[in-house]
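Q: Got a structure for you, written out below as structure tokens; questions coming shortly.
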Amino acid sequence: MSVSFAAQLNSVLAALILLTAFGLLAQRRIYGLLHLFAWQGVFLSISTAVVGYVAGQQHLYISSILTLAIKVIVLPYILHILIIRLQIHKEVETVINIPTTMLIGIALVIFSYHLTSPIRELSTLVTRSTISVALATVMLGLLMMITRKHAVTQIIGFLAMENGLFFAATSATYGMPLVVELGVALDILIAAFIFGIFFFHIRTTFESLDVEQMARLKEED
Amino acid sequence: MSEMFSSYILEVVQIVILLAAAPVFIGWVRTLKCWFQGRTTAGIFQPYRDLIKLFHKDIVLAENASWIFRITPYLIFGFTVLIGAIIPVLSVDLPLSSTADVIAIVSLFAMSRFFTALAGMDIGTAFGGMGSSREMTIASLAEPAMLMAVFTVSLASKSTSLSQMAQVIAHGDLVLRPSLAFALLAFIFISLAETGRIPVDNPATHLELTMIHEAMILEYSGRHLALIEWAGMMKLYLFAVLGIAAFFPWGIAEAGNLIAIPIAILVLAVKLVLAGVGLVLIETGLAKMRFFRVPEFLGSAFLFATLGMLSFFMLE
């Protein structure tokens with residue numbers, strides 16, 4: 001596998017990651033969201049392995065396997081269990097005006113391209129062109145957390161944002177040191193458990209996972 | 001001089017193939033669909049028989065039909081044949097291909113749609129007006145996406161001429177281009193909407209509430225209907241060859257290379273057979289969507305095309 005082919009392959013994977021980020025924005029069904037999130041993890045993991053091969057960085061293989069294990073298998077599984085326990089399966093979320101969200105998403109992609117263009121000029125890495133996609137994925141995850149009302153979908157948005165950060169690290173500096181990545185992976189895993197506990201608390205308090213209900217928390221005047 | 005002459009002959013050959021192959025292509029799609037659904041087929045030549053039957057029938061014209069209603073079938077047929085002459089199907093060197101680029105092709109499609117909508121409203125029946133209004137709603141959403149997809153492809157080949165695009169993609173180095181993949185996805189979505197295939201319109205039904213294209217041409221009969229039907233078949237064929245020319249041009253003949261023409265015809269036939277299989281897989285796999293979901297469908301086509309264009313700048 002030549003370097004230029006690997007760079008092309010990485011670009012295709014970056015495009016697929018961007019596509020899944022948009023898919024997450026548009027998807028109404030909660031199981032569809034989980035599948036898209038798992039796919040994003042798969043593309044991220046392959047991309048990390050490809051970058052590891054090109055750069056000759058062995059530790060990227062480990063983070064690739066870690067991504068595959070945590071973001072493709074463990075996290076979707078935990079969320080799946082949560083969805084079943086919370087009995088919110090097959091729920092269709094009302095999202096405010098998907099086309100508008102999409103247009104905002106496109107604007108965010110252009111913005112992040114503009115923002116990262118100086119880095120692109122300066123960097124000499126093979127992966128420099130994918131930095132803008134990574135930043136766009138972070139922003140799209142953030143946009144998803146803003147536009148959605150359901151707690152579980154907001155968490156998926158948060159995890160997608162983390163995917164974007166991980167991708168940014170790989171494409172900007174060939175990945176963070178292994179210790180940091182192990183720490184982040186553990187953090188995410190623990191966060192997922194804490195989210196689960198929170199979901200149950202939110203539901204027992206409000207009998208719904210719609211975070212709009214939290215506006216009721218303010219005192220009566 | 002002889003080279004000029006040979007390219008004109010090619011042009012004629014291509015138009016003859018267009019006229020002859022379009023009904024067979026439709027027949028192939030219908031046959032495949034029957035096989036998929038476990039029905040008995042009418043054979044791939046049934047569209048010919050339908051056309052011949054319609055040509056032999058008399059025209060029943062409404063009393064208040066104006067000249068627009070009478071001229072529209074001929075106009076649509078003419079536009080469609082003209083588009084077929086512009087798209088480089090067999091060879092990149094066609095005399096008409098250099099006269100119009102892909103933007104002109106999109107506008108020719110728009111013109112034929114415009115006249116169909118006018119004719120739909122001309123008689124003044126409720127169905128005609130409803131069909132026209134629906135068709136224009138879809139068109140207004142499909143056209144920007146179509147142009148966006150086309151521009152993405154022309155960014156990669158640095159030209160809006162289809163011959164140039166086909167040449168660059170067929171003879172350039174084989175590179176993985178995410179932008180072209182996005183553009184292809186958008187193009188497939190738009191083609192389904194423009195040719196009235198299943199998630200958007202059902203070509204096999206005359207159900208009042210759902211029909212779009214059929215509603216507009218409900219008042220036509222005899223020779224007129226035959227021409228419109230034939231143009232409709234050619235439209236599906238043209239979208240297939242447009243996709244082939246823009247995204248999979250491998251096997252197309254070089255300029256002035258007459259020996260490669262038979263091979264080009266053979267390769268084209270294989271590609272069309274595969275395109276039919278793809279179309280039937282989409283059509284049997286999906287259900288027709290509600291009309292108010294169509295804007296979302298075409299919006300995602302626009303999104304794919306825009307993402308393709310962005311990823312050209314960002315990743316290539």
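Just so we're on the same page: first chain in the structure tokens is A, next is B, and so on; residues restart at 1 for each chain, and ligands are numbered from 1 in the order they show up.
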Give me, as number ranges by chain, all polymer residues having an atom no more than 12 Å from Lys53 in chain B, counting only C-alpha atoms and skipping those fewer than 6 positions away in the same chain.
A: B: 46-47, 221-223, 225-227
Q: Would you mind exporting the chosen residues as a PDB file, in the first residue's frame, restricted to C-alpha atoms?
A:
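Final output, saved to again_13.pdb:
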ATOM      1  CA  GLN B  46     -43.607  -5.478 -24.628  1.00  0.00           C
ATOM      2  CA  PRO B  47     -42.962  -1.679 -24.628  1.00  0.00           C
ATOM      3  CA  SER B 221     -54.318   9.483 -26.417  1.00  0.00           C
ATOM      4  CA  GLY B 222     -53.193   7.756 -29.593  1.00  0.00           C
ATOM      5  CA  ARG B 223     -50.145   9.100 -31.393  1.00  0.00           C
ATOM      6  CA  LEU B 225     -49.554   9.470 -25.928  1.00  0.00           C
ATOM      7  CA  ALA B 226     -47.209   7.167 -27.832  1.00  0.00           C
ATOM      8  CA  LEU B 227     -44.724  10.004 -28.335  1.00  0.00           C
TER       9      LEU B 227
END
Q: Could you tell me which residues of chain B sit within 12 Å of chain A when counting only C-alpha atoms, and give me the result as a VMD selection string?
A: chain B and resid 173 to 182 185 293 to 316
Q: Please provide the set of residues having any atom within 10 Å of range 239-252 of chain B, restricted to only C-alpha atoms, with same-chain residues fewer than 3 positions apart removed, written as a compact mmCIF listing (two decimals) with C-alpha atoms, in the first residue's frame.
A:
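Final file, part_12.txt:
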# COMPACT_ATOMS: atom_id res chain seq x y z
CA LEU B 18 -31.35 5.66 -28.25
CA PHE B 25 -34.29 -0.93 -21.32
CA ILE B 83 -30.39 15.42 -25.27
CA GLY B 84 -29.67 11.89 -26.44
CA ILE B 87 -24.62 12.96 -24.21
CA PRO B 88 -21.47 11.07 -25.24
CA VAL B 89 -22.67 7.48 -25.03
CA LEU B 90 -20.52 5.61 -27.53
CA SER B 91 -17.68 7.99 -28.31
CA VAL B 92 -16.34 11.18 -26.74
CA VAL B 102 -24.14 19.53 -19.04
CA ILE B 105 -28.70 19.31 -20.81
CA VAL B 150 -22.96 18.11 -11.89
CA VAL B 153 -18.10 16.22 -11.22
CA SER B 154 -17.00 19.16 -13.34
CA SER B 157 -12.50 17.30 -14.56
CA LEU B 162 -19.64 15.96 -20.72
CA SER B 163 -17.13 14.70 -23.32
CA GLN B 164 -14.33 16.31 -21.38
CA MET B 165 -15.60 14.83 -18.09
CA ALA B 166 -15.86 11.36 -19.57
CA GLN B 167 -12.39 11.62 -21.06
CA VAL B 168 -10.75 12.84 -17.84
CA ILE B 169 -12.33 10.13 -15.71
CA ALA B 170 -11.79 7.34 -18.23
CA HIS B 171 -8.16 8.10 -18.93
CA LEU B 180 -17.44 11.73 -6.86
CA ALA B 181 -18.95 9.11 -4.56
CA ALA B 183 -22.05 13.23 -6.31
CA LEU B 184 -23.03 9.76 -7.56
CA PHE B 187 -27.31 11.79 -8.78
CA ILE B 188 -29.04 8.47 -8.05
CA ILE B 190 -32.25 12.90 -8.25
CA SER B 191 -32.62 10.42 -11.11
CA LEU B 192 -35.23 8.51 -9.12
CA GLU B 194 -36.77 13.06 -12.14
CA THR B 195 -37.73 9.87 -13.91
CA MET B 234 -35.93 7.61 -23.35
CA LYS B 235 -35.70 9.86 -20.30
CA LEU B 236 -34.99 6.89 -18.04
CA ALA B 255 -12.03 10.33 -30.83
CA ALA B 260 -13.66 0.65 -30.70
CA ILE B 261 -17.34 1.39 -31.44
CA ILE B 263 -16.81 -2.76 -28.07
CA ALA B 264 -18.29 0.48 -26.76
CA ILE B 265 -21.79 -0.74 -27.69
CA LEU B 266 -21.18 -4.04 -25.93
CA VAL B 267 -19.81 -2.34 -22.80
CA LEU B 268 -22.77 0.04 -22.81
CA LYS B 271 -23.60 -1.32 -18.00
CA LEU B 272 -27.27 -0.75 -18.81
CA ALA B 275 -28.07 -0.23 -14.08
CA GLY B 276 -31.45 -1.94 -14.53
CA LEU B 279 -32.82 0.32 -10.23
Q: Report, in Å with one decimal, the straight-line distance from CA of Phe43 in chain A to CA of Ile17 in chain A.
A: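 Interatomic distance, CA of Phe43 in chain A to CA of Ile17 in chain A: 6.4 Å.
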